[in-house]
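Asker: mmCIF, N, CA and C atoms and all ligand atoms, saved as run.cif, coming up:
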```cif
data_start
#
loop_
_atom_site.label_atom_id
_atom_site.label_comp_id
_atom_site.auth_asym_id
_atom_site.auth_seq_id
_atom_site.Cartn_x
_atom_site.Cartn_y
_atom_site.Cartn_z
N MET A 114 28.20 -110.57 24.69
CA MET A 114 29.15 -111.40 23.92
C MET A 114 28.74 -112.88 24.02
N LYS A 115 28.79 -113.58 22.89
CA LYS A 115 28.48 -115.02 22.90
C LYS A 115 29.50 -115.79 23.74
N LYS A 116 29.00 -116.81 24.45
CA LYS A 116 29.89 -117.61 25.28
C LYS A 116 29.92 -119.06 24.76
N ILE A 117 31.11 -119.61 24.69
CA ILE A 117 31.28 -121.00 24.26
C ILE A 117 32.01 -121.76 25.36
N LEU A 118 31.50 -122.97 25.64
CA LEU A 118 32.03 -123.80 26.72
C LEU A 118 33.02 -124.83 26.12
N ILE A 119 34.16 -124.96 26.79
CA ILE A 119 35.15 -125.98 26.40
C ILE A 119 35.32 -126.93 27.59
N ILE A 120 35.11 -128.23 27.37
CA ILE A 120 35.30 -129.20 28.46
C ILE A 120 36.35 -130.23 28.04
N HIS A 121 37.37 -130.34 28.87
CA HIS A 121 38.42 -131.35 28.69
C HIS A 121 38.24 -132.43 29.75
N GLY A 122 38.18 -133.67 29.33
CA GLY A 122 37.94 -134.77 30.26
C GLY A 122 39.20 -135.30 30.92
N PRO A 123 39.10 -136.53 31.47
CA PRO A 123 40.14 -137.06 32.34
C PRO A 123 41.49 -137.27 31.64
N ASN A 124 42.53 -136.99 32.40
CA ASN A 124 43.93 -137.18 31.99
C ASN A 124 44.43 -136.13 31.00
N LEU A 125 43.55 -135.27 30.53
CA LEU A 125 44.00 -134.27 29.55
C LEU A 125 44.82 -133.17 30.23
N ASN A 126 44.73 -133.07 31.56
CA ASN A 126 45.62 -132.16 32.30
C ASN A 126 47.08 -132.63 32.23
N GLN A 127 47.29 -133.86 31.77
CA GLN A 127 48.65 -134.41 31.67
C GLN A 127 49.25 -134.25 30.26
N LEU A 128 48.52 -133.59 29.38
CA LEU A 128 49.02 -133.45 28.00
C LEU A 128 50.39 -132.78 28.01
N GLY A 129 51.20 -133.16 27.04
CA GLY A 129 52.58 -132.66 26.99
C GLY A 129 53.53 -133.75 27.43
N LYS A 130 53.19 -134.36 28.59
CA LYS A 130 54.02 -135.48 29.05
C LYS A 130 53.32 -136.83 28.91
N ARG A 131 52.02 -136.80 28.57
CA ARG A 131 51.25 -138.04 28.47
C ARG A 131 51.35 -138.62 27.06
N GLU A 132 51.97 -139.79 26.92
CA GLU A 132 52.06 -140.48 25.62
C GLU A 132 52.17 -139.50 24.45
N PRO A 133 53.25 -138.71 24.39
CA PRO A 133 53.35 -137.65 23.37
C PRO A 133 53.34 -138.17 21.93
N ASP A 134 53.74 -139.45 21.76
CA ASP A 134 53.68 -140.03 20.40
C ASP A 134 52.24 -140.17 19.93
N ILE A 135 51.30 -140.25 20.86
CA ILE A 135 49.88 -140.36 20.50
C ILE A 135 49.19 -138.99 20.56
N TYR A 136 49.47 -138.24 21.62
CA TYR A 136 48.69 -137.02 21.87
C TYR A 136 49.42 -135.73 21.54
N GLY A 137 50.72 -135.84 21.13
CA GLY A 137 51.47 -134.64 20.78
C GLY A 137 52.12 -134.01 22.00
N THR A 138 52.85 -132.93 21.76
CA THR A 138 53.64 -132.31 22.84
C THR A 138 53.00 -131.03 23.37
N ASP A 139 51.93 -130.57 22.76
CA ASP A 139 51.23 -129.39 23.30
C ASP A 139 50.68 -129.73 24.69
N THR A 140 50.82 -128.80 25.62
CA THR A 140 50.17 -128.97 26.92
C THR A 140 48.73 -128.48 26.82
N LEU A 141 47.95 -128.75 27.88
CA LEU A 141 46.57 -128.25 27.87
C LEU A 141 46.56 -126.72 27.85
N ASP A 142 47.50 -126.11 28.56
CA ASP A 142 47.60 -124.64 28.53
C ASP A 142 47.87 -124.14 27.12
N ASP A 143 48.76 -124.82 26.39
CA ASP A 143 49.05 -124.42 25.00
C ASP A 143 47.75 -124.45 24.18
N ILE A 144 47.00 -125.54 24.31
CA ILE A 144 45.75 -125.67 23.54
C ILE A 144 44.77 -124.57 23.94
N ASN A 145 44.66 -124.36 25.25
CA ASN A 145 43.70 -123.33 25.72
C ASN A 145 44.11 -121.95 25.22
N GLN A 146 45.41 -121.68 25.17
CA GLN A 146 45.86 -120.37 24.65
C GLN A 146 45.52 -120.22 23.18
N GLN A 147 45.68 -121.30 22.42
CA GLN A 147 45.30 -121.24 20.99
C GLN A 147 43.80 -120.95 20.86
N LEU A 148 43.00 -121.57 21.73
CA LEU A 148 41.55 -121.35 21.68
C LEU A 148 41.20 -119.92 22.09
N GLN A 149 41.90 -119.40 23.10
CA GLN A 149 41.63 -118.02 23.53
C GLN A 149 41.96 -117.03 22.42
N ALA A 150 43.01 -117.30 21.64
CA ALA A 150 43.38 -116.39 20.54
C ALA A 150 42.28 -116.38 19.48
N ILE A 151 41.73 -117.55 19.18
CA ILE A 151 40.62 -117.63 18.22
C ILE A 151 39.41 -116.90 18.77
N ALA A 152 39.12 -117.13 20.05
CA ALA A 152 37.94 -116.51 20.68
C ALA A 152 38.04 -114.98 20.61
N GLN A 153 39.23 -114.47 20.89
CA GLN A 153 39.42 -113.01 20.85
C GLN A 153 39.16 -112.49 19.44
N ALA A 154 39.72 -113.17 18.43
CA ALA A 154 39.53 -112.74 17.04
C ALA A 154 38.06 -112.83 16.63
N GLU A 155 37.35 -113.78 17.20
CA GLU A 155 35.93 -114.00 16.83
C GLU A 155 34.97 -113.26 17.76
N SER A 156 35.52 -112.53 18.74
CA SER A 156 34.69 -111.80 19.71
C SER A 156 33.69 -112.70 20.44
N VAL A 157 34.17 -113.86 20.89
CA VAL A 157 33.36 -114.69 21.78
C VAL A 157 34.16 -114.88 23.07
N SER A 158 33.46 -115.23 24.14
CA SER A 158 34.20 -115.51 25.37
C SER A 158 34.10 -117.01 25.69
N LEU A 159 35.16 -117.53 26.27
CA LEU A 159 35.24 -118.96 26.54
C LEU A 159 35.15 -119.24 28.03
N THR A 160 34.44 -120.31 28.38
CA THR A 160 34.52 -120.92 29.71
C THR A 160 35.24 -122.24 29.50
N ILE A 161 36.41 -122.40 30.13
CA ILE A 161 37.22 -123.60 29.90
C ILE A 161 37.35 -124.40 31.20
N LEU A 162 36.97 -125.68 31.13
CA LEU A 162 37.02 -126.56 32.31
C LEU A 162 37.76 -127.84 31.98
N GLN A 163 38.47 -128.37 32.96
CA GLN A 163 39.04 -129.73 32.84
C GLN A 163 38.67 -130.47 34.10
N SER A 164 38.22 -131.74 33.94
CA SER A 164 37.96 -132.54 35.13
C SER A 164 38.29 -134.00 34.87
N ASN A 165 38.76 -134.63 35.93
CA ASN A 165 39.00 -136.08 35.89
C ASN A 165 37.81 -136.86 36.43
N HIS A 166 36.69 -136.16 36.72
CA HIS A 166 35.56 -136.77 37.41
C HIS A 166 34.29 -136.66 36.57
N GLU A 167 33.69 -137.77 36.31
CA GLU A 167 32.50 -137.84 35.44
C GLU A 167 31.38 -136.92 35.93
N GLY A 168 31.08 -136.98 37.24
CA GLY A 168 29.97 -136.18 37.78
C GLY A 168 30.22 -134.69 37.65
N ASP A 169 31.48 -134.27 37.76
CA ASP A 169 31.80 -132.84 37.59
C ASP A 169 31.46 -132.39 36.17
N ILE A 170 31.69 -133.28 35.21
CA ILE A 170 31.41 -132.93 33.81
C ILE A 170 29.90 -132.85 33.60
N VAL A 171 29.16 -133.79 34.18
CA VAL A 171 27.69 -133.74 34.10
C VAL A 171 27.19 -132.44 34.74
N ASP A 172 27.70 -132.10 35.93
CA ASP A 172 27.29 -130.87 36.60
C ASP A 172 27.60 -129.64 35.74
N ALA A 173 28.78 -129.62 35.12
CA ALA A 173 29.17 -128.46 34.31
C ALA A 173 28.23 -128.29 33.12
N ILE A 174 27.81 -129.39 32.52
CA ILE A 174 26.85 -129.30 31.40
C ILE A 174 25.54 -128.70 31.90
N HIS A 175 25.06 -129.17 33.06
CA HIS A 175 23.80 -128.64 33.63
C HIS A 175 23.91 -127.15 33.91
N VAL A 176 25.02 -126.75 34.51
CA VAL A 176 25.17 -125.35 34.96
C VAL A 176 25.33 -124.40 33.78
N HIS A 177 26.07 -124.82 32.75
CA HIS A 177 26.48 -123.87 31.71
C HIS A 177 25.67 -123.95 30.41
N GLU A 178 24.85 -124.98 30.23
CA GLU A 178 24.21 -125.12 28.91
C GLU A 178 23.26 -123.96 28.57
N GLN A 179 22.68 -123.33 29.60
CA GLN A 179 21.69 -122.27 29.33
C GLN A 179 22.32 -121.02 28.73
N ASP A 180 23.48 -120.64 29.25
CA ASP A 180 24.03 -119.34 28.84
C ASP A 180 25.24 -119.46 27.91
N HIS A 181 25.45 -120.64 27.33
CA HIS A 181 26.50 -120.80 26.33
C HIS A 181 25.86 -121.24 25.01
N VAL A 182 26.40 -120.76 23.89
CA VAL A 182 25.78 -121.07 22.60
C VAL A 182 26.36 -122.34 21.97
N GLY A 183 27.43 -122.86 22.54
CA GLY A 183 28.02 -124.07 21.98
C GLY A 183 28.98 -124.70 22.96
N LEU A 184 29.28 -125.97 22.70
CA LEU A 184 30.18 -126.74 23.56
C LEU A 184 31.16 -127.54 22.70
N VAL A 185 32.45 -127.40 23.03
CA VAL A 185 33.49 -128.29 22.48
C VAL A 185 33.89 -129.21 23.63
N ILE A 186 33.73 -130.51 23.43
CA ILE A 186 34.06 -131.45 24.51
C ILE A 186 34.99 -132.55 24.01
N ASN A 187 36.07 -132.74 24.75
CA ASN A 187 36.86 -133.97 24.59
C ASN A 187 36.59 -134.80 25.85
N PRO A 188 35.67 -135.76 25.76
CA PRO A 188 35.32 -136.53 26.96
C PRO A 188 36.40 -137.55 27.35
N ALA A 189 37.46 -137.65 26.52
CA ALA A 189 38.58 -138.56 26.78
C ALA A 189 38.04 -139.97 27.04
N ALA A 190 38.52 -140.65 28.08
CA ALA A 190 38.10 -142.05 28.30
C ALA A 190 36.60 -142.18 28.54
N PHE A 191 35.96 -141.12 29.06
CA PHE A 191 34.50 -141.20 29.30
C PHE A 191 33.71 -141.32 27.99
N THR A 192 34.35 -140.98 26.87
CA THR A 192 33.72 -141.18 25.56
C THR A 192 33.17 -142.60 25.43
N HIS A 193 33.98 -143.53 25.93
CA HIS A 193 33.73 -144.95 25.66
C HIS A 193 32.95 -145.64 26.78
N THR A 194 32.60 -144.87 27.83
CA THR A 194 31.96 -145.49 29.00
C THR A 194 30.74 -144.74 29.52
N SER A 195 30.61 -143.44 29.21
CA SER A 195 29.71 -142.62 30.02
C SER A 195 28.33 -142.39 29.41
N ILE A 196 27.37 -143.15 29.89
CA ILE A 196 25.97 -142.89 29.53
C ILE A 196 25.51 -141.62 30.24
N ALA A 197 26.11 -141.33 31.42
CA ALA A 197 25.70 -140.13 32.17
C ALA A 197 26.03 -138.84 31.41
N ILE A 198 27.21 -138.77 30.82
CA ILE A 198 27.54 -137.57 30.03
C ILE A 198 26.68 -137.54 28.77
N ARG A 199 26.49 -138.68 28.16
CA ARG A 199 25.61 -138.74 26.98
C ARG A 199 24.20 -138.23 27.30
N ASP A 200 23.66 -138.67 28.43
CA ASP A 200 22.30 -138.25 28.80
C ASP A 200 22.24 -136.76 29.12
N ALA A 201 23.28 -136.24 29.77
CA ALA A 201 23.32 -134.80 30.08
C ALA A 201 23.31 -133.99 28.78
N LEU A 202 24.08 -134.43 27.79
CA LEU A 202 24.12 -133.72 26.50
C LEU A 202 22.80 -133.87 25.76
N ALA A 203 22.18 -135.03 25.84
CA ALA A 203 20.91 -135.26 25.15
C ALA A 203 19.83 -134.33 25.71
N ALA A 204 19.87 -134.09 27.02
CA ALA A 204 18.84 -133.26 27.66
C ALA A 204 19.13 -131.77 27.48
N ALA A 205 20.38 -131.43 27.20
CA ALA A 205 20.76 -130.01 27.05
C ALA A 205 20.48 -129.57 25.62
N SER A 206 20.26 -128.27 25.48
CA SER A 206 19.94 -127.78 24.13
C SER A 206 21.16 -127.13 23.48
N ILE A 207 22.34 -127.46 23.95
CA ILE A 207 23.57 -126.80 23.49
C ILE A 207 24.22 -127.59 22.35
N PRO A 208 24.43 -126.95 21.18
CA PRO A 208 25.11 -127.67 20.10
C PRO A 208 26.53 -128.04 20.50
N THR A 209 26.88 -129.30 20.29
CA THR A 209 28.13 -129.84 20.83
C THR A 209 28.97 -130.49 19.74
N VAL A 210 30.27 -130.19 19.77
CA VAL A 210 31.22 -130.88 18.89
C VAL A 210 32.15 -131.72 19.76
N GLU A 211 32.24 -133.01 19.44
CA GLU A 211 33.12 -133.95 20.16
C GLU A 211 34.49 -133.95 19.47
N VAL A 212 35.52 -133.79 20.27
CA VAL A 212 36.89 -133.71 19.72
C VAL A 212 37.76 -134.79 20.36
N HIS A 213 38.57 -135.42 19.54
CA HIS A 213 39.64 -136.31 20.02
C HIS A 213 40.94 -135.93 19.33
N LEU A 214 41.99 -135.84 20.10
CA LEU A 214 43.30 -135.52 19.53
C LEU A 214 43.75 -136.64 18.59
N SER A 215 43.61 -137.87 19.06
CA SER A 215 44.03 -139.03 18.26
C SER A 215 42.85 -139.53 17.43
N ASN A 216 43.17 -140.35 16.42
CA ASN A 216 42.12 -140.98 15.63
C ASN A 216 41.68 -142.25 16.36
N ILE A 217 40.54 -142.14 17.04
CA ILE A 217 40.13 -143.25 17.92
C ILE A 217 39.83 -144.53 17.12
N TYR A 218 39.56 -144.38 15.82
CA TYR A 218 39.22 -145.55 14.99
C TYR A 218 40.45 -146.31 14.50
N GLN A 219 41.63 -145.70 14.69
CA GLN A 219 42.88 -146.39 14.33
C GLN A 219 43.49 -147.08 15.55
N ARG A 220 42.82 -146.98 16.70
CA ARG A 220 43.41 -147.47 17.95
C ARG A 220 42.69 -148.74 18.42
N GLU A 221 42.83 -149.04 19.71
CA GLU A 221 42.25 -150.28 20.23
C GLU A 221 40.73 -150.32 19.98
N ALA A 222 40.20 -151.54 19.85
CA ALA A 222 38.77 -151.70 19.53
C ALA A 222 37.88 -151.01 20.57
N PHE A 223 38.30 -150.99 21.85
CA PHE A 223 37.43 -150.40 22.88
C PHE A 223 37.28 -148.89 22.70
N ARG A 224 38.14 -148.29 21.86
CA ARG A 224 38.00 -146.84 21.61
C ARG A 224 37.13 -146.54 20.40
N HIS A 225 36.68 -147.57 19.69
CA HIS A 225 35.95 -147.34 18.44
C HIS A 225 34.52 -146.91 18.67
N HIS A 226 34.00 -147.18 19.88
CA HIS A 226 32.61 -146.77 20.14
C HIS A 226 32.57 -145.53 21.01
N SER A 227 31.77 -144.55 20.58
CA SER A 227 31.54 -143.35 21.38
C SER A 227 30.08 -143.30 21.80
N TYR A 228 29.85 -143.18 23.12
CA TYR A 228 28.48 -142.96 23.61
C TYR A 228 28.04 -141.52 23.33
N ILE A 229 28.99 -140.66 22.99
CA ILE A 229 28.74 -139.22 22.92
C ILE A 229 28.32 -138.77 21.52
N SER A 230 28.87 -139.43 20.50
CA SER A 230 28.75 -138.87 19.14
C SER A 230 27.31 -138.76 18.66
N SER A 231 26.42 -139.64 19.11
CA SER A 231 25.04 -139.60 18.60
C SER A 231 24.25 -138.40 19.12
N VAL A 232 24.78 -137.73 20.15
CA VAL A 232 24.09 -136.53 20.66
C VAL A 232 24.89 -135.26 20.34
N CYS A 233 25.84 -135.37 19.42
CA CYS A 233 26.65 -134.21 19.01
C CYS A 233 26.31 -133.82 17.58
N VAL A 234 26.61 -132.56 17.26
CA VAL A 234 26.47 -132.10 15.88
C VAL A 234 27.47 -132.85 15.00
N GLY A 235 28.67 -133.04 15.52
CA GLY A 235 29.70 -133.75 14.76
C GLY A 235 30.85 -134.14 15.65
N GLN A 236 31.77 -134.89 15.05
CA GLN A 236 32.94 -135.40 15.79
C GLN A 236 34.18 -135.13 14.95
N ILE A 237 35.25 -134.68 15.61
CA ILE A 237 36.56 -134.51 14.96
C ILE A 237 37.54 -135.41 15.70
N SER A 238 38.20 -136.29 14.97
CA SER A 238 39.06 -137.29 15.60
C SER A 238 40.33 -137.43 14.78
N GLY A 239 41.48 -137.17 15.42
CA GLY A 239 42.74 -137.46 14.74
C GLY A 239 43.49 -136.26 14.21
N LEU A 240 42.95 -135.07 14.41
CA LEU A 240 43.61 -133.86 13.88
C LEU A 240 44.47 -133.16 14.92
N GLY A 241 44.73 -133.82 16.06
CA GLY A 241 45.53 -133.20 17.11
C GLY A 241 44.84 -131.95 17.65
N ALA A 242 45.66 -131.00 18.13
CA ALA A 242 45.11 -129.79 18.74
C ALA A 242 44.28 -128.98 17.74
N TYR A 243 44.58 -129.14 16.44
CA TYR A 243 43.81 -128.41 15.43
C TYR A 243 42.33 -128.78 15.49
N GLY A 244 42.01 -129.97 15.94
CA GLY A 244 40.61 -130.38 16.04
C GLY A 244 39.81 -129.46 16.96
N TYR A 245 40.43 -129.05 18.06
CA TYR A 245 39.74 -128.11 18.96
C TYR A 245 39.49 -126.77 18.25
N ALA A 246 40.52 -126.30 17.53
CA ALA A 246 40.42 -125.01 16.84
C ALA A 246 39.30 -125.07 15.79
N ALA A 247 39.27 -126.17 15.05
CA ALA A 247 38.25 -126.32 14.00
C ALA A 247 36.85 -126.35 14.61
N ALA A 248 36.72 -127.06 15.74
CA ALA A 248 35.41 -127.16 16.41
C ALA A 248 34.96 -125.79 16.90
N LEU A 249 35.90 -125.03 17.49
CA LEU A 249 35.56 -123.70 17.99
C LEU A 249 35.16 -122.78 16.84
N ARG A 250 35.93 -122.82 15.76
CA ARG A 250 35.59 -121.96 14.60
C ARG A 250 34.21 -122.32 14.06
N TYR A 251 33.89 -123.59 14.01
CA TYR A 251 32.57 -124.02 13.54
C TYR A 251 31.47 -123.42 14.42
N LEU A 252 31.65 -123.51 15.74
CA LEU A 252 30.60 -123.01 16.64
C LEU A 252 30.48 -121.49 16.56
N CYS A 253 31.60 -120.80 16.33
CA CYS A 253 31.56 -119.34 16.17
C CYS A 253 30.76 -118.99 14.91
N ALA A 254 30.97 -119.76 13.84
CA ALA A 254 30.33 -119.46 12.55
C ALA A 254 28.87 -119.86 12.52
N ARG A 255 28.48 -120.74 13.43
CA ARG A 255 27.17 -121.41 13.36
C ARG A 255 25.98 -120.50 13.62
N ASP A 256 26.14 -119.55 14.51
CA ASP A 256 24.97 -118.74 14.90
C ASP A 256 24.63 -117.63 13.90
C1 LIG A 301 41.15 -139.10 23.52
C2 LIG A 301 40.96 -140.54 23.04
C3 LIG A 301 40.41 -141.42 24.17
O1 LIG A 301 40.26 -142.76 23.71
C4 LIG A 301 41.38 -141.43 25.34
O2 LIG A 301 40.84 -142.17 26.42
C5 LIG A 301 41.76 -140.07 25.78
C6 LIG A 301 41.98 -139.03 24.78
C7 LIG A 301 41.82 -138.22 22.45
O3 LIG A 301 41.79 -137.00 22.61
O4 LIG A 301 42.41 -138.74 21.50
O5 LIG A 301 42.02 -139.83 26.96
O6 LIG A 301 39.86 -138.55 23.77
#
```
Would you mind writing the file's structure down as structure tokens?
Ligand code: DQA
Answerer:
Amino acid sequence: MKKILIIHGPNLNQLGKREPDIYGTDTLDDINQQLQAIAQAESVSLTILQSNHEGDIVDAIHVHEQDHVGLVINPAAFTHTSIAIRDALAAASIPTVEVHLSNIYQREAFRHHSYISSVCVGQISGLGAYGYAAALRYLCARD
């Protein structure tokens, strides 16, 4: 069975209670359950990780890129700061879709730049939890 990796970055474990006017009321568990339902229908298996630590995310990319056919990543605040995650993705051969719940281009100027997008197949920003679903469906259809 094809395996797809889902990585949620820092503070996303607080979804549901974290600035719900910006990020919505779905919890991370709600989002992961929606993704598992899609995965079941598409006959793929998911590895789902959340970390508040940059190095853990770099390690996860190293460990999982070989045996997964795609990656959906919301790097959260590391989007705007992390050359380390960018370099890990550049060196990995895993097709990656970058997802943001909010539209980062409608927000503060410091959120307008992503270090990650240039090493991704594409970016989805502003579609809420649906962005994860769309990214997963794309990766399922891609192979
Ligand atoms: C986010 C947008 C980032 O700017 C922010 O730091 C996050 C979440 C989003 O999903 O909209 O933590 O990636």
Asker: Smallest atom-to-atom distance to Gln147 of chain A: which of A:Ile237, A:Ala246, A:Ile196, A:Ile135, using all atoms listed in the file?
Answerer: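 So, comparing all the options, the nearest one is A:Ala246.
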Asker: For atom CA of Pro188 of chain A and atom CA of Ser231 of chain A, determine how far apart the two atoms are, in Å to one decimal place.
Answerer: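 These atoms are spaced 13.6 Å apart.
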Asker: Taking all atoms listed in the file into account, which residues are within 6.5 Å of ligand LIG 301 (chain A), as a PyMOL selection string?
Answerer: chain A and resi 123-125+187-191+212-217+224+239
Asker: Could you pull out the helix (DSSP H, G or I) residues of chain A from DSSP and send them as a PyMOL selection string?
Answerer: chain A and resi 125-127+133-136+141-155+167-177+189-193+196-204+217-219+222-224+230-232+243-255
Asker: Just to confirm, what's the straight-line distance from atom C of Glu178 of chain A to atom C of Ile229 of chain A in Å (one decimal)?
Answerer: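 Straight-line distance from atom C of Glu178 of chain A to atom C of Ile229 of chain A works out to 17.2 Å.
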Asker: Can you pull out every residue within 8 Å of Ala205 of chain A, counting all atoms listed in the file, but drop anything in the same chain fewer than 6 positions away, and send it as an mmCIF file with N, CA and C atoms, in the coordinates of the input?
Answerer:
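Everything below was put into part07.cif:
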```
data_model
loop_
_atom_site.group_PDB
_atom_site.id
_atom_site.type_symbol
_atom_site.label_atom_id
_atom_site.label_comp_id
_atom_site.auth_asym_id
_atom_site.auth_seq_id
_atom_site.Cartn_x
_atom_site.Cartn_y
_atom_site.Cartn_z
ATOM 1 N N ILE A 174 27.810 -129.390 32.520
ATOM 2 C CA ILE A 174 26.850 -129.300 31.400
ATOM 3 C C ILE A 174 25.540 -128.700 31.900
ATOM 4 N N HIS A 175 25.060 -129.170 33.060
ATOM 5 C CA HIS A 175 23.800 -128.640 33.630
ATOM 6 C C HIS A 175 23.910 -127.150 33.910
ATOM 7 N N GLU A 178 24.850 -124.980 30.230
ATOM 8 C CA GLU A 178 24.210 -125.120 28.910
ATOM 9 C C GLU A 178 23.260 -123.960 28.570
ATOM 10 N N GLN A 179 22.680 -123.330 29.600
ATOM 11 C CA GLN A 179 21.690 -122.270 29.330
ATOM 12 C C GLN A 179 22.320 -121.020 28.730
ATOM 13 N N ARG A 199 26.490 -138.680 28.160
ATOM 14 C CA ARG A 199 25.610 -138.740 26.980
ATOM 15 C C ARG A 199 24.200 -138.230 27.300
#
```
Asker: Interatomic distance between atom CA of His225 of chain A and atom N of Leu240 of chain A?
Answerer: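 Distance reported for this atom pair: 14.7 Å.
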Asker: Might you pull out every residue within 8 Å of Cys233 of chain A, with only N, CA and C atoms counted and same-chain residues fewer than 4 positions away left off, and present them as a PDB file with N, CA and C atoms, keeping the file's coordinate frame?
Answerer:
```
ATOM      1  N   LEU A 202      24.080-134.430  27.790  1.00  0.00           N
ATOM      2  CA  LEU A 202      24.120-133.720  26.500  1.00  0.00           C
ATOM      3  C   LEU A 202      22.800-133.870  25.760  1.00  0.00           C
ATOM      4  N   ALA A 203      22.180-135.030  25.840  1.00  0.00           N
ATOM      5  CA  ALA A 203      20.910-135.260  25.150  1.00  0.00           C
ATOM      6  C   ALA A 203      19.830-134.330  25.710  1.00  0.00           C
ATOM      7  N   ILE A 207      22.340-127.460  23.950  1.00  0.00           N
ATOM      8  CA  ILE A 207      23.570-126.800  23.490  1.00  0.00           C
ATOM      9  C   ILE A 207      24.220-127.590  22.350  1.00  0.00           C
ATOM     10  N   PRO A 208      24.430-126.950  21.180  1.00  0.00           N
ATOM     11  CA  PRO A 208      25.110-127.670  20.100  1.00  0.00           C
ATOM     12  C   PRO A 208      26.530-128.040  20.500  1.00  0.00           C
ATOM     13  N   THR A 209      26.880-129.300  20.290  1.00  0.00           N
ATOM     14  CA  THR A 209      28.130-129.840  20.830  1.00  0.00           C
ATOM     15  C   THR A 209      28.970-130.490  19.740  1.00  0.00           C
ATOM     16  N   VAL A 210      30.270-130.190  19.770  1.00  0.00           N
ATOM     17  CA  VAL A 210      31.220-130.880  18.890  1.00  0.00           C
ATOM     18  C   VAL A 210      32.150-131.720  19.760  1.00  0.00           C
ATOM     19  N   GLU A 211      32.240-133.010  19.440  1.00  0.00           N
ATOM     20  CA  GLU A 211      33.120-133.950  20.160  1.00  0.00           C
ATOM     21  C   GLU A 211      34.490-133.950  19.470  1.00  0.00           C
ATOM     22  N   TYR A 228      29.850-143.180  23.120  1.00  0.00           N
ATOM     23  CA  TYR A 228      28.480-142.960  23.610  1.00  0.00           C
ATOM     24  C   TYR A 228      28.040-141.520  23.330  1.00  0.00           C
ATOM     25  N   ILE A 229      28.990-140.660  22.990  1.00  0.00           N
ATOM     26  CA  ILE A 229      28.740-139.220  22.920  1.00  0.00           C
ATOM     27  C   ILE A 229      28.320-138.770  21.520  1.00  0.00           C
TER      28      ILE A 229
END
```
Asker: As JSON, please: the centre and edge lengths in Å, to one decimal, of an axis-aligned box enclosing every listed atom of segment 215-230 of chain A with 8 Å added on each side.
Answerer:
```
{"center_x": 35.7, "center_y": -144.8, "center_z": 19.0, "size_x": 32.7, "size_y": 29.8, "size_z": 25.3}
```
Asker: Restrict the output to segment 193-203 of chain A and N, CA, C and O atoms, then write it as a PDB file, in the first residue's frame.
Answerer:
```pdb
ATOM      1  N   HIS A 193       8.367  30.511   7.678  1.00  0.00           N
ATOM      2  CA  HIS A 193       8.918  31.852   7.462  1.00  0.00           C
ATOM      3  C   HIS A 193      10.339  31.998   7.997  1.00  0.00           C
ATOM      4  O   HIS A 193      10.922  33.075   7.915  1.00  0.00           O
ATOM      5  N   THR A 194      10.879  30.916   8.570  1.00  0.00           N
ATOM      6  CA  THR A 194      12.196  31.014   9.221  1.00  0.00           C
ATOM      7  C   THR A 194      13.167  29.889   8.867  1.00  0.00           C
ATOM      8  O   THR A 194      14.371  30.059   9.044  1.00  0.00           O
ATOM      9  N   SER A 195      12.655  28.739   8.412  1.00  0.00           N
ATOM     10  CA  SER A 195      13.495  27.539   8.474  1.00  0.00           C
ATOM     11  C   SER A 195      14.190  27.176   7.163  1.00  0.00           C
ATOM     12  O   SER A 195      13.610  26.517   6.281  1.00  0.00           O
ATOM     13  N   ILE A 196      15.449  27.532   7.078  1.00  0.00           N
ATOM     14  CA  ILE A 196      16.277  27.066   5.957  1.00  0.00           C
ATOM     15  C   ILE A 196      16.567  25.575   6.148  1.00  0.00           C
ATOM     16  O   ILE A 196      16.722  24.836   5.180  1.00  0.00           O
ATOM     17  N   ALA A 197      16.598  25.117   7.414  1.00  0.00           N
ATOM     18  CA  ALA A 197      16.885  23.693   7.673  1.00  0.00           C
ATOM     19  C   ALA A 197      15.790  22.782   7.106  1.00  0.00           C
ATOM     20  O   ALA A 197      16.091  21.748   6.478  1.00  0.00           O
ATOM     21  N   ILE A 198      14.534  23.149   7.295  1.00  0.00           N
ATOM     22  CA  ILE A 198      13.455  22.328   6.723  1.00  0.00           C
ATOM     23  C   ILE A 198      13.478  22.449   5.204  1.00  0.00           C
ATOM     24  O   ILE A 198      13.320  21.462   4.482  1.00  0.00           O
ATOM     25  N   ARG A 199      13.715  23.638   4.715  1.00  0.00           N
ATOM     26  CA  ARG A 199      13.825  23.826   3.259  1.00  0.00           C
ATOM     27  C   ARG A 199      14.924  22.929   2.658  1.00  0.00           C
ATOM     28  O   ARG A 199      14.719  22.265   1.649  1.00  0.00           O
ATOM     29  N   ASP A 200      16.077  22.901   3.308  1.00  0.00           N
ATOM     30  CA  ASP A 200      17.190  22.099   2.787  1.00  0.00           C
ATOM     31  C   ASP A 200      16.887  20.601   2.866  1.00  0.00           C
ATOM     32  O   ASP A 200      17.271  19.842   1.976  1.00  0.00           O
ATOM     33  N   ALA A 201      16.216  20.180   3.939  1.00  0.00           N
ATOM     34  CA  ALA A 201      15.841  18.755   4.063  1.00  0.00           C
ATOM     35  C   ALA A 201      14.909  18.362   2.921  1.00  0.00           C
ATOM     36  O   ALA A 201      15.059  17.284   2.318  1.00  0.00           O
ATOM     37  N   LEU A 202      13.948  19.223   2.598  1.00  0.00           N
ATOM     38  CA  LEU A 202      13.015  18.929   1.500  1.00  0.00           C
ATOM     39  C   LEU A 202      13.729  18.972   0.156  1.00  0.00           C
ATOM     40  O   LEU A 202      13.450  18.154  -0.728  1.00  0.00           O
ATOM     41  N   ALA A 203      14.655  19.895  -0.012  1.00  0.00           N
ATOM     42  CA  ALA A 203      15.387  20.001  -1.282  1.00  0.00           C
ATOM     43  C   ALA A 203      16.199  18.740  -1.540  1.00  0.00           C
ATOM     44  O   ALA A 203      16.320  18.276  -2.679  1.00  0.00           O
TER      45      ALA A 203
END
```
